[in-house]
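Below is one structure, written out as structure tokens; the observations come after it.
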Amino acid sequence: MNYIKSLHIEGFKKFVTLDVQFNEHMNILVGENEAGKSTILDAIKTVLNQQYRSADKSVLRDLFNTQVVAAFQANPSVGTLPRILIEVELLLDSKQKNADYFYGEVYGKRKKQQEKFGIRFECKFDEELGTGLEQSISEGKIPYEYYTLTWNTFANRQYKMVKRPLQFLSIDTTNNAVIPSFNYYNKSLFASKYDEVTRIKAKNDFREKLQEAFDSVELPPISDNRKFGVDSKKVVLETILSVYENSVALENRGSGMESLIKTQIALDKKNGIDVILMEEPENHLCFSTLQKMLQEISEKQNESQIIVTTHNNMIASRLNLNNVLWVTNDGVKSLSSVDSEVANFFVKADDNVFLQLLLSKKVFLVEGATEFLLLPYFYKELTGRTIEEDGISVISCNGISFRKYLTIAENTNKRIAVITDNDKKQERINEAKEFNKKHDLQNIFMGMTTTDWTWEICVYNVNKKVLDEMIDVQAGAKYSFHDKCYGAVPGKMLNNKVDTAYQMLTSGRTFEIPQYVKDAIKWINR
């Protein structure tokens with residue numbers, strides 16, 4: 001199948017320079033807000049769809065990378081003027097029609113490489129056209145009107161859309177401009193679904209039928225030599241197309257169903273779409289509809305190349321962590337090296353927050369809800385700052401082994417403190433010590449004796465007096481936990497973990513912090 005193999009960007013929007021290697025089938029772009037996920041999709045559309053070809057040159061103000069512009073203004077000259085280069089490398093069937101049209105060598109600032117299939121977009125100052133502007137440029141002024149935008153194949157031939165190398169469709173649920181969004185989708189689908197001969201015949205037949213239909217109205221003339229007619233330039237077939245399902249236009253469906261139906265159409269093999277771009281498909285979708293969409297994508301993801309941006313944890317994990325491309329300030333990192341067994345586990349684990357782990361600066365991994373409630377309180381008591389102020393996330397594993405999260409964390413290069421229980425097992429204490437010796441960015445913290453075997457017991461052991469006064473217990477009640485008795489108050493804490501944690505939070509009292517929790521807070525702030 002035909003697909004996008006890689007993308008190279010210089011000086012475009014978010015990126016001074018960027019290289020992305022894409023998977024053949026599924027690609028999930030994740031990252032913080034404004035990390036550049038949408039810029040990557042926009043770069044692909046700029047090349048393949050010749051976006052901005054007819055736009056006013058003023059649009060360049062928004063396209064040039066701000067760092068490149070600042071570098072020019074610090075040292076203004078013709079040689080330092082901002083420019084944009086975007087190269088899309090393709091993998092094409094060499095036997096298909098027009099394949100040679102895209103085959104050649106890659107030049108640019110990089111070293112000459114082996115021959116490849118691809119398209120290059122370049123936006124640069126036309127020195128011949130801009131002769132005489134040197135003084136203005138030396139004053140830090142960018143002559144936008146003297147820039148040229150060119151699209152060429154790697155064979156150094158002008159790229160024309162009629163020879164597009166693959167069928168390409170973009171689904172953008174973030175676009176609030178409903179009519180332009182639908183027109184773009186419908187026109188792209190029309191171009192992908194039918195070959196050039198079929199499209200031209202349909203447009204020609206439509207124009208003739210339109211004229212016939214208007215003539216049949218027999219509208220009286222305006223005067224002896226004047227009458228109304230149809231301006232065919234205003235009624236172009238592609239601009240009035242709409243997709244209907246059971247006599248209802250797609251744009252008249254709810255936003256969630258619109259996204260689902262667009263996705264189903266794109267994934268339908270009969271429509272021959274090679275590459276599908278999807279921007280935040282979770283928008284407007286309820287949980288059940290999102291599940292249905294993910295099922296559709298999962299079943300058919302090997303029939304097309306899909307490049308999707310998302311902030312949704314379910315999408316990122318259900319479509320497999322190995323397909324995740326994490327967009328950071330340092331570039332794009334692939335999670336393809338995550339152990340496949342761990343990736344498959346997260347596909348099936350509904351209650352996971354893998355994406356939060358990926359997008360957080362620093363992380364506390366905790367066992368459950370009690371630690372999740374009390375750790376931020378302890379953190380502020382010890383540091384005088386909130387966890388939010390320090391950009392730290394608290395993630396409750398909720399029964400999922402923290403080691404599965406740590407497997408992912410090894411690829412993230414971020415500081416992660418695990419706060420867990422030793423469950424009265426000395427070997428767990430020993431294993432944590434060995435782990436901490438071998439890992440600089442991930443450390444495990446727990447009670448360092450089997451007496452301090454779980455969170456509630458550790459908290460009670462350093463706060464006996466205040467907790468005995470605060471927590472009501474019935475006289476004579478045993479409050480056993482797992483058929484063992486630890487005392488009335490500890491027993492009630494173990495059997496009512498969330499309730500007693502909330503009671504502590506809202507009591508207005510001050511509590512001592514267990515030593516291993518203090519150690520974890522100090523370590524994460526190194």
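Residues in the structure tokens are numbered from 1 in each chain, the chains being A, B, ... in the order shown, and ligands are numbered from 1 in the order shown.
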
**Request:** Please identify all polymer residues within 9 Å of Arg164 in chain A, counting only C-alpha atoms, omitting same-chain residues fewer than 3 positions from it, and present them as a ChimeraX atom specification.
**Result:** /A:48-49,98,159-161,167-168

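Residues within 12 Å of Arg415 in chain A, counting only C-alpha atoms and excluding same-chain residues fewer than 6 positions away, are Leu357, Leu358, Ser360, Lys361, Lys362, Val363, Phe364, Leu365, Gly391, Ile392, Ser393, Leu406, Ala409, His439, Asp440, Leu441, Gln442, Asn443, Ile444, Ala520, Ile521, Trp523, Ile524, Asn525 and Arg526 of chain A.
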
**Message:** I need the residues in range 362-471 of chain A that are helix (DSSP H, G or I) according to DSSP; give them as an MDAnalysis selection string.
**Reply:** chainID A and resid 369:383 402:409 426:438 455:461 464:470

**Item:** Shortest interatomic distance to Arg61 in chain A - which of A:Ile28, A:Ile44, A:Leu267, A:Ile142, counting only C-alpha atoms
**Value:**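 When distances to Arg61 in chain A are compared using only C-alpha atoms, the smallest one comes from A:Ile142.
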
**Prompt:** Could you name the residues that touch Lys193 in chain A at 12 Å or less, counting only C-alpha atoms, but leaving out those on the same chain fewer than 6 positions away, as a list in words?
**Reply:**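 Residues near the query, excluding close chain neighbours: Leu166, Gln167, Phe168, Leu169, Tyr185, Asn186, Lys187, Arg199, Ile265, Ala266, Asp268, Lys269, Lys270, Asn271, Gly272, Ile273 and Asp274 of chain A.
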
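Near Asn430 in chain A, within 12 Å and counting only C-alpha atoms, sit Asn422, Lys424, Lys425, Gln426, Glu427, Arg428, Ala432, Lys433, Glu434, Phe435, Asn436, Lys437, Ile444, Phe445, Met446, Gly447, Met448, Thr449 and Thr450 of chain A, not including residues fewer than 2 positions from it in the same chain.
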
Could you please take those selected residues and save C-alpha atoms as a tab-separated table (two decimals), in the first residue's frame?
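Saved the output as again.tsv:
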```tsv
chain	number	residue	atom	x	y	z
A	422	ASN	CA	5.56	-3.53	51.33
A	424	LYS	CA	4.81	-7.24	55.26
A	425	LYS	CA	7.27	-8.70	52.76
A	426	GLN	CA	10.95	-8.03	53.40
A	427	GLU	CA	11.77	-9.09	49.83
A	428	ARG	CA	9.70	-6.15	48.52
A	432	ALA	CA	12.88	-1.48	46.10
A	433	LYS	CA	16.37	-0.73	47.42
A	434	GLU	CA	17.98	-2.55	44.49
A	435	PHE	CA	15.70	-0.82	41.99
A	436	ASN	CA	16.57	2.61	43.39
A	437	LYS	CA	20.30	1.90	43.09
A	444	ILE	CA	10.21	3.35	44.81
A	445	PHE	CA	9.27	4.44	48.35
A	446	MET	CA	7.60	2.30	51.05
A	447	GLY	CA	7.71	1.69	54.77
A	448	MET	CA	11.18	0.33	55.49
A	449	THR	CA	10.07	-2.26	58.07
A	450	THR	CA	7.39	-4.95	57.84
```

**Asked** Hey, what does DSSP flag as strand (DSSP E or B) within range 55-180 of chain A? Can you give it to me as a VMD selection string?
**Response** chain A and resid 64 84 to 91 103 to 104 116 to 125 147 to 153 158 168 to 172

**Request:** Write out as a ChimeraX atom specification each polymer residue whose atoms come within 9 Å of range 63-73 of chain A, counting only C-alpha atoms; drop sequence neighbours fewer than 6 positions from it.
**Result:** /A:10-16,79-84,138-142

Write out as a PDB file with C-alpha atoms, in the first residue's frame the residues lying within 10 Å of Gln301 in chain A, counting only C-alpha atoms and excluding same-chain residues fewer than 5 positions away.
```pdb
ATOM      1  CA  GLU A  24       2.929   2.129   8.093  1.00  0.00           C
ATOM      2  CA  HIS A  25      -0.544   1.841   9.604  1.00  0.00           C
ATOM      3  CA  MET A  26      -1.444   3.499  12.936  1.00  0.00           C
ATOM      4  CA  ASN A  27       0.167   6.712  14.260  1.00  0.00           C
ATOM      5  CA  LEU A 267     -12.107   3.478   6.597  1.00  0.00           C
ATOM      6  CA  LEU A 294     -12.317   2.928  18.246  1.00  0.00           C
ATOM      7  CA  GLN A 295     -13.690  -0.501  17.407  1.00  0.00           C
ATOM      8  CA  GLU A 296     -14.074   0.544  13.754  1.00  0.00           C
ATOM      9  CA  ILE A 306      -4.023   6.603   9.991  1.00  0.00           C
ATOM     10  CA  LEU A 319      -5.039   1.862  19.638  1.00  0.00           C
TER      11      LEU A 319
END
```

**Request:** Determine the nearest neighbour of Ala349 in chain A from the options A:Asn313, A:Thr510, A:Asn2, A:Ser136, counting only C-alpha atoms.
**Result:**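 Closest residue, counting only C-alpha atoms: A:Asn313.
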
**Asked** Any idea what's packed within 9 Å of range 126-128 of chain A, counting only C-alpha atoms, ignoring anything in its chain fewer than 5 positions away? Could you give it as a PyMOL selection string?
**Response** chain A and resi 78+146-148

Could those residues be written to a file, using N, CA, C and O atoms, as a short mmCIF file (atom, residue, chain, number, x, y, z; two decimals), in the first residue's frame?
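Generated file (selection-v2.cif):
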```cif
data_model
loop_
_atom_site.label_atom_id
_atom_site.label_comp_id
_atom_site.auth_asym_id
_atom_site.auth_seq_id
_atom_site.Cartn_x
_atom_site.Cartn_y
_atom_site.Cartn_z
N VAL A 78 19.65 39.41 3.64
CA VAL A 78 18.97 38.54 2.69
C VAL A 78 19.23 37.07 3.06
O VAL A 78 18.33 36.23 2.99
N TYR A 146 7.34 39.31 -1.79
CA TYR A 146 8.39 38.88 -2.70
C TYR A 146 8.83 37.43 -2.44
O TYR A 146 9.90 37.02 -2.86
N TYR A 147 7.98 36.71 -1.72
CA TYR A 147 8.25 35.30 -1.46
C TYR A 147 7.54 34.43 -2.50
O TYR A 147 6.46 34.79 -3.00
N THR A 148 8.16 33.31 -2.85
CA THR A 148 7.53 32.35 -3.77
C THR A 148 7.28 31.04 -3.04
O THR A 148 8.08 30.62 -2.19
#
```

**Request:** Using CA of Ile276 in chain A and CA of Lys333 in chain A as the two end points, give the distance in Å to one decimal.
**Result:**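 Between CA of Ile276 in chain A and CA of Lys333 in chain A the gap is 21.0 Å.
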
**Prompt:** Which is closest to Arg403 in chain A among A:Val418, A:Met504, A:Asp93, A:Glu122, if we use only C-alpha atoms?
**Reply:**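 For Arg403 in chain A, the nearest of the candidates is A:Val418.
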
**Asked** Just how far from CA of Ser188 in chain A is CA of Gln211 in chain A, in Å to one decimal?
**Response**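 Between these atoms lies a distance of 25.7 Å.
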